[in-house]
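Quick notes on the structure that follows.
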Amino acid sequence: MERKNAWKTYTECDLAKLEDISSRYRSYIDNGKTERECVTETIELAEKAGFVNLEDVIKAGRTVKEGDKLYSNCMGKAIMLFTIGKKPITDGINIVGSHIDSPRIDLKQNPLYEDSDLAYLDTHYYGGIKKYQWVTIPLAMHGVVAKKDGTVIDVVIGEDESDPVVGISDLLIHLSADQLGKKASVVIEGEELNVIVGGKPLADTEKDPVKANVMKILNEKYGIEEEDFLSAEIEVVPAGRSRDFGLDRSMIIGYGHDDRVCSFAAVEALLSIEGTPETTCCCVLADKEEVGSVGATGMQARYFENAVAEIIALMQPYSDIALRRALKNCRMLSCDVSAGYDPNFAGVFERKNSAYLGRGVCFNKYTGSRGKSGSNDANAEYIAKLRRIMDDSSVNFQTAELGKVDQGGGGTIAYICALYGMEVIDSGVAVLSMHAPWEIISKADLYEAVKAYLAFMLNA
Ligand code: MN
Ligand code: MN
C-alpha cells in the first residue's frame, strides 16, 4: 500500500517538463497574489490559447458547437473555462474546480490613522491565519480602489525591487515576559494587525501630519482621496517572489499555494488539450473558499450553473431538464491542497493516511472533522474509476485524510457541487506550513497534478 516517491519514476524528459511547469507556475503566483490578479492572468493565458468570452458570444448572437473554447468571468474574482466536447453536453462535463482566494490581511473601510508620529492602516484578516506569523515580515499591498466616477484603479505596492514595503511590528523580546506566557492564538490579536505605512510628517500641517503625508503620496500616485478607501479592496500579502526551495531545488516556497497550485495545474491541463475532447471539460476557479464559499463570487453562488445554462441555450433549444441532466451527469475533481506530512509535528498525523511531499497528487475520499462532519464522502465506485484512469496514464498519486481523527479538519468546495448529484472527490497537492505567509510544495506534486487533471478531463 506504500506509495512511490514520484521523483524515482522520472526520465530526463519528465524532469525538463517539470522544471518548465514549475517556472511558469512561479510566475503565475508571483503575478497573481489576489483572486482578481489570478483571474486577469488566467484570461491572458486562455485568450492566448484561443478562448473567447462567453458574454461576447451571447451578445453577438452566435451559437456554440463542439471544439469551442469559452471563458466566463464572474465579477473579476472567479472564472470558468470550458472546452466543448464531441458528446452532448447533457452527458455531463469533466470539471476540475479549485479556488484562487488565499488567506491574507484586508484593509478595513476606514483604515488610515496616525498614532505617535507613525501612520497605520487598520485591518481585518481574511481566512484562517496564525496571526503571529504575519508580523515582522515585508508585506505588499494589492487591490483596487473604485472611485465614485466609475473608474477602478489597480494598486500594487511592494513587489518591484524599487518599491517600498509595509509591515506589522512585534514586541521586542526584552519586554515580552507577559506576551510569551500567552496562548499562541492571542500572542498577536486581530486588532493588533495594524500595518505601518509612514513616519514622516507633511510640512506646515497641524493635524495628523504623517497621515496627511501618506495620503498625499497615494493621491499623487493613484489620484485617490481618503474617502475612496470606502470603496476599495486592498489586500495586504507577503511581499516578494516565490523561490526554489531546498538545496536540490525540489520544492517551491511561495505565497498562496493554497489553492493557486491546483488552480494553475487545472488551467495548465485544460489549455494543453489538443483538438476536441470527447467530453466537455471545464475549470472552475472560485473565490471566497477560505471564508466558506459565500457571496456572489463564492462557489455557493450559481455562476457555474448559470454558465452551463447559457452554453446549453447556445447549443440547442434550452430546457430545464437539459440543464439538470448536464449538471447531474458531471464528474468533478474538487482540487484543493492537502496537509503535507510534517515529521516535526508527527503527533497530529496518522502515517498510513497522510499526504507526503513528492509522492504525487493526493486524493481525499473525505475531509471534514469530528466524524467526517461537513465532508463530501466520495463514492467507492467513483474512486475505482479514478484509480484506473490514473494508473492508465501513469500518474503518481496517493490518498490521505487531513490529520488524525479529532485533531481538527477542514472543508473544500466539493460538497457544494455534490448538491447537483454529480460525482465529486477532493484531490490536490500536499503543502507544508499551509496558510502561513510562505507555504511549501514539491515540484513533483505540481507536475503530477497537471498530469492527473489532464488524464481526468480526457478520460473521466
Ligand atoms: Mn484551499
Ligand atoms: Mn485554505
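By order in the C-alpha cells, chains are A, B, ...; within a chain, residues start at 1; ligands start at 1, following the order shown.
All residues of protein, DNA or RNA that reach within 7 Å of A:Ile168, judged by only C-alpha atoms and not counting those fewer than 2 positions away in the chain, are Val135, Thr136, Asp170, Leu193, Asn194, Val195 and Ile196 of chain A.
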Could you dump the residues just selected with N, CA, C and O atoms as an mmCIF file, in the first residue's frame?
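Okay, this is what ended up in again16.cif:
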data_model
loop_
_atom_site.group_PDB
_atom_site.id
_atom_site.type_symbol
_atom_site.label_atom_id
_atom_site.label_comp_id
_atom_site.auth_asym_id
_atom_site.auth_seq_id
_atom_site.Cartn_x
_atom_site.Cartn_y
_atom_site.Cartn_z
ATOM 1 N N VAL A 135 3.621 39.100 11.442
ATOM 2 C CA VAL A 135 4.344 40.290 11.900
ATOM 3 C C VAL A 135 5.821 40.172 11.510
ATOM 4 O O VAL A 135 6.315 39.087 11.242
ATOM 5 N N THR A 136 6.488 41.286 11.452
ATOM 6 C CA THR A 136 7.937 41.406 11.198
ATOM 7 C C THR A 136 8.379 40.861 9.843
ATOM 8 O O THR A 136 9.547 40.536 9.647
ATOM 9 N N ASP A 170 6.295 43.591 15.876
ATOM 10 C CA ASP A 170 6.063 42.705 17.019
ATOM 11 C C ASP A 170 6.786 43.313 18.218
ATOM 12 O O ASP A 170 7.664 44.173 18.065
ATOM 13 N N LEU A 193 -3.167 43.748 14.271
ATOM 14 C CA LEU A 193 -2.609 43.639 12.907
ATOM 15 C C LEU A 193 -2.754 44.993 12.206
ATOM 16 O O LEU A 193 -3.540 45.179 11.284
ATOM 17 N N ASN A 194 -1.981 45.953 12.686
ATOM 18 C CA ASN A 194 -2.006 47.303 12.131
ATOM 19 C C ASN A 194 -0.742 47.518 11.316
ATOM 20 O O ASN A 194 0.364 47.328 11.816
ATOM 21 N N VAL A 195 -0.936 47.894 10.054
ATOM 22 C CA VAL A 195 0.174 47.939 9.105
ATOM 23 C C VAL A 195 0.811 49.321 9.120
ATOM 24 O O VAL A 195 0.133 50.331 8.883
ATOM 25 N N ILE A 196 2.114 49.379 9.399
ATOM 26 C CA ILE A 196 2.828 50.660 9.404
ATOM 27 C C ILE A 196 3.066 51.109 7.966
ATOM 28 O O ILE A 196 3.620 50.345 7.155
#
All residues having an atom within 9 Å of ligand 2 (only C-alpha atoms and all ligand atoms) as a list of chain:residue names: A:His99, A:Asp101, A:Ser102, A:Pro103, A:Gly127, A:Gly128, A:Gly256, A:Asp258, A:Asp259, A:Glu289, A:Glu290, A:Val291, A:Asp336, A:Val337, A:Gly410, A:Gly411, A:Thr412, A:Met434, A:His435
Convert the current residue selection to file output with C-alpha atoms, as a PDB file, in the first residue's frame.
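Dumped to result_37.pdb:
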ATOM      1  CA  HIS A  99     -10.102  28.317  -5.520  1.00  0.00           C
ATOM      2  CA  ASP A 101      -8.560  33.315  -2.841  1.00  0.00           C
ATOM      3  CA  SER A 102      -5.879  32.867  -0.173  1.00  0.00           C
ATOM      4  CA  PRO A 103      -5.562  33.833   3.493  1.00  0.00           C
ATOM      5  CA  GLY A 127      -9.376  33.290   6.255  1.00  0.00           C
ATOM      6  CA  GLY A 128      -7.651  31.160   8.847  1.00  0.00           C
ATOM      7  CA  GLY A 256      -0.869  31.284  -1.814  1.00  0.00           C
ATOM      8  CA  ASP A 258      -3.457  27.151  -1.265  1.00  0.00           C
ATOM      9  CA  ASP A 259      -5.041  26.953  -3.711  1.00  0.00           C
ATOM     10  CA  GLU A 289     -13.399  29.356  -0.309  1.00  0.00           C
ATOM     11  CA  GLU A 290     -11.372  30.450   2.695  1.00  0.00           C
ATOM     12  CA  VAL A 291     -14.430  32.070   4.266  1.00  0.00           C
ATOM     13  CA  ASP A 336      -7.562  21.819  -3.054  1.00  0.00           C
ATOM     14  CA  VAL A 337      -4.324  21.468  -1.180  1.00  0.00           C
ATOM     15  CA  GLY A 410     -11.197  21.379   7.003  1.00  0.00           C
ATOM     16  CA  GLY A 411     -13.585  21.763   4.094  1.00  0.00           C
ATOM     17  CA  THR A 412     -13.492  22.499   0.372  1.00  0.00           C
ATOM     18  CA  MET A 434      -0.424  25.700   4.985  1.00  0.00           C
ATOM     19  CA  HIS A 435      -1.938  29.195   5.461  1.00  0.00           C
TER      20      HIS A 435
END
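The neighbours of A:Thr279 here are the residues that come within 9 Å of it, using only C-alpha atoms and leaving out any residue fewer than 4 positions away in the same chain; they are Thr83, Ile84, Gly85, Lys86, Lys87, Pro88, Ile89, Asp91, Gly92, Ile93, Asn94, Met457, Leu458, Asn459 and Ala460 of chain A.
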Option closest in space to A:Gly428, from A:Ser369, A:Ser272, A:Ser98, A:Ser116 [counting only C-alpha atoms]: A:Ser98
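Residues with any atom within 12 Å of A:Arg388, counting only C-alpha atoms and excluding same-chain neighbours fewer than 5 positions away, are Glu381, Tyr382, Ile383, Ser393, Ser394, Val395, Phe397, Ala452, Ala455, Phe456, Asn459 and Ala460 of chain A.
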Residues from the last selection, all heavy atoms, saved as a PDB file, in the first residue's frame:
ATOM      1  N   GLU A 381     -17.205   3.527  -5.997  1.00  0.00           N
ATOM      2  CA  GLU A 381     -17.220   3.214  -7.427  1.00  0.00           C
ATOM      3  C   GLU A 381     -16.488   4.309  -8.223  1.00  0.00           C
ATOM      4  O   GLU A 381     -15.778   4.026  -9.185  1.00  0.00           O
ATOM      5  CB  GLU A 381     -18.669   3.099  -7.943  1.00  0.00           C
ATOM      6  CG  GLU A 381     -19.457   1.941  -7.350  1.00  0.00           C
ATOM      7  CD  GLU A 381     -20.138   2.293  -6.020  1.00  0.00           C
ATOM      8  OE1 GLU A 381     -19.748   3.289  -5.369  1.00  0.00           O
ATOM      9  OE2 GLU A 381     -21.051   1.532  -5.626  1.00  0.00           O
ATOM     10  N   TYR A 382     -16.701   5.551  -7.816  1.00  0.00           N
ATOM     11  CA  TYR A 382     -16.056   6.683  -8.495  1.00  0.00           C
ATOM     12  C   TYR A 382     -14.537   6.636  -8.273  1.00  0.00           C
ATOM     13  O   TYR A 382     -13.746   6.837  -9.195  1.00  0.00           O
ATOM     14  CB  TYR A 382     -16.651   7.986  -7.947  1.00  0.00           C
ATOM     15  CG  TYR A 382     -16.155   9.256  -8.611  1.00  0.00           C
ATOM     16  CD1 TYR A 382     -16.090   9.379  -9.998  1.00  0.00           C
ATOM     17  CD2 TYR A 382     -15.773  10.352  -7.833  1.00  0.00           C
ATOM     18  CE1 TYR A 382     -15.652  10.561 -10.585  1.00  0.00           C
ATOM     19  CE2 TYR A 382     -15.340  11.529  -8.413  1.00  0.00           C
ATOM     20  CZ  TYR A 382     -15.278  11.632  -9.792  1.00  0.00           C
ATOM     21  OH  TYR A 382     -14.853  12.800 -10.361  1.00  0.00           O
ATOM     22  N   ILE A 383     -14.141   6.318  -7.055  1.00  0.00           N
ATOM     23  CA  ILE A 383     -12.708   6.234  -6.752  1.00  0.00           C
ATOM     24  C   ILE A 383     -12.056   5.121  -7.572  1.00  0.00           C
ATOM     25  O   ILE A 383     -10.942   5.280  -8.089  1.00  0.00           O
ATOM     26  CB  ILE A 383     -12.468   5.999  -5.241  1.00  0.00           C
ATOM     27  CG1 ILE A 383     -13.075   7.158  -4.442  1.00  0.00           C
ATOM     28  CG2 ILE A 383     -10.972   5.886  -4.937  1.00  0.00           C
ATOM     29  CD1 ILE A 383     -12.958   6.997  -2.941  1.00  0.00           C
ATOM     30  N   SER A 393      -2.730   6.334 -17.052  1.00  0.00           N
ATOM     31  CA  SER A 393      -1.952   7.488 -17.523  1.00  0.00           C
ATOM     32  C   SER A 393      -0.648   7.648 -16.751  1.00  0.00           C
ATOM     33  O   SER A 393      -0.003   8.700 -16.836  1.00  0.00           O
ATOM     34  CB  SER A 393      -2.785   8.764 -17.400  1.00  0.00           C
ATOM     35  OG  SER A 393      -3.979   8.639 -18.131  1.00  0.00           O
ATOM     36  N   SER A 394      -0.255   6.611 -15.993  1.00  0.00           N
ATOM     37  CA  SER A 394       0.994   6.641 -15.217  1.00  0.00           C
ATOM     38  C   SER A 394       1.117   7.883 -14.334  1.00  0.00           C
ATOM     39  O   SER A 394       2.165   8.525 -14.270  1.00  0.00           O
ATOM     40  CB  SER A 394       2.209   6.571 -16.144  1.00  0.00           C
ATOM     41  OG  SER A 394       2.137   5.425 -16.941  1.00  0.00           O
ATOM     42  N   VAL A 395       0.015   8.235 -13.660  1.00  0.00           N
ATOM     43  CA  VAL A 395       0.050   9.355 -12.716  1.00  0.00           C
ATOM     44  C   VAL A 395       0.435   8.809 -11.345  1.00  0.00           C
ATOM     45  O   VAL A 395      -0.136   7.819 -10.885  1.00  0.00           O
ATOM     46  CB  VAL A 395      -1.340  10.039 -12.630  1.00  0.00           C
ATOM     47  CG1 VAL A 395      -1.339  11.099 -11.528  1.00  0.00           C
ATOM     48  CG2 VAL A 395      -1.727  10.650 -13.969  1.00  0.00           C
ATOM     49  N   PHE A 397      -0.018   8.925  -7.663  1.00  0.00           N
ATOM     50  CA  PHE A 397      -0.995   9.514  -6.734  1.00  0.00           C
ATOM     51  C   PHE A 397      -0.917   8.833  -5.378  1.00  0.00           C
ATOM     52  O   PHE A 397      -0.355   7.748  -5.231  1.00  0.00           O
ATOM     53  CB  PHE A 397      -2.413   9.439  -7.305  1.00  0.00           C
ATOM     54  CG  PHE A 397      -3.025   8.060  -7.296  1.00  0.00           C
ATOM     55  CD1 PHE A 397      -3.794   7.634  -6.223  1.00  0.00           C
ATOM     56  CD2 PHE A 397      -2.834   7.196  -8.361  1.00  0.00           C
ATOM     57  CE1 PHE A 397      -4.357   6.361  -6.209  1.00  0.00           C
ATOM     58  CE2 PHE A 397      -3.385   5.924  -8.356  1.00  0.00           C
ATOM     59  CZ  PHE A 397      -4.151   5.494  -7.275  1.00  0.00           C
ATOM     60  N   ALA A 452      -2.514  14.520 -13.673  1.00  0.00           N
ATOM     61  CA  ALA A 452      -3.759  13.927 -13.162  1.00  0.00           C
ATOM     62  C   ALA A 452      -4.981  14.662 -13.708  1.00  0.00           C
ATOM     63  O   ALA A 452      -5.959  14.029 -14.138  1.00  0.00           O
ATOM     64  CB  ALA A 452      -3.763  13.970 -11.635  1.00  0.00           C
ATOM     65  N   ALA A 455      -5.460  13.834 -17.395  1.00  0.00           N
ATOM     66  CA  ALA A 455      -5.966  12.467 -17.560  1.00  0.00           C
ATOM     67  C   ALA A 455      -7.435  12.402 -17.180  1.00  0.00           C
ATOM     68  O   ALA A 455      -8.251  11.749 -17.854  1.00  0.00           O
ATOM     69  CB  ALA A 455      -5.156  11.502 -16.702  1.00  0.00           C
ATOM     70  N   PHE A 456      -7.800  13.103 -16.117  1.00  0.00           N
ATOM     71  CA  PHE A 456      -9.192  13.124 -15.659  1.00  0.00           C
ATOM     72  C   PHE A 456     -10.108  13.768 -16.707  1.00  0.00           C
ATOM     73  O   PHE A 456     -11.151  13.220 -17.073  1.00  0.00           O
ATOM     74  CB  PHE A 456      -9.286  13.902 -14.335  1.00  0.00           C
ATOM     75  CG  PHE A 456     -10.689  14.219 -13.923  1.00  0.00           C
ATOM     76  CD1 PHE A 456     -11.468  13.259 -13.287  1.00  0.00           C
ATOM     77  CD2 PHE A 456     -11.240  15.463 -14.172  1.00  0.00           C
ATOM     78  CE1 PHE A 456     -12.773  13.538 -12.917  1.00  0.00           C
ATOM     79  CE2 PHE A 456     -12.546  15.757 -13.808  1.00  0.00           C
ATOM     80  CZ  PHE A 456     -13.321  14.797 -13.172  1.00  0.00           C
ATOM     81  N   ASN A 459     -10.511  11.472 -19.774  1.00  0.00           N
ATOM     82  CA  ASN A 459     -10.945  10.066 -19.635  1.00  0.00           C
ATOM     83  C   ASN A 459     -12.073   9.803 -18.647  1.00  0.00           C
ATOM     84  O   ASN A 459     -12.570   8.682 -18.587  1.00  0.00           O
ATOM     85  CB  ASN A 459      -9.754   9.203 -19.236  1.00  0.00           C
ATOM     86  CG  ASN A 459      -8.625   9.288 -20.252  1.00  0.00           C
ATOM     87  OD1 ASN A 459      -8.804   8.957 -21.408  1.00  0.00           O
ATOM     88  ND2 ASN A 459      -7.473   9.778 -19.822  1.00  0.00           N
ATOM     89  N   ALA A 460     -12.472  10.785 -17.849  1.00  0.00           N
ATOM     90  CA  ALA A 460     -13.473  10.513 -16.811  1.00  0.00           C
ATOM     91  C   ALA A 460     -14.870  10.319 -17.411  1.00  0.00           C
ATOM     92  O   ALA A 460     -15.143  10.825 -18.484  1.00  0.00           O
ATOM     93  CB  ALA A 460     -13.500  11.633 -15.788  1.00  0.00           C
TER      94      ALA A 460
END
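Residue nearest A:Lys451 within the list A:Asn396, A:Thr63, A:Thr11, A:Asn5: A:Asn396 [criterion: smallest interatomic distance, only C-alpha atoms].
Shortest atom-to-atom contact with A:Ser433 among A:Val405, A:Val237, A:Leu230, A:Ile253: A:Ile253, counting only C-alpha atoms.
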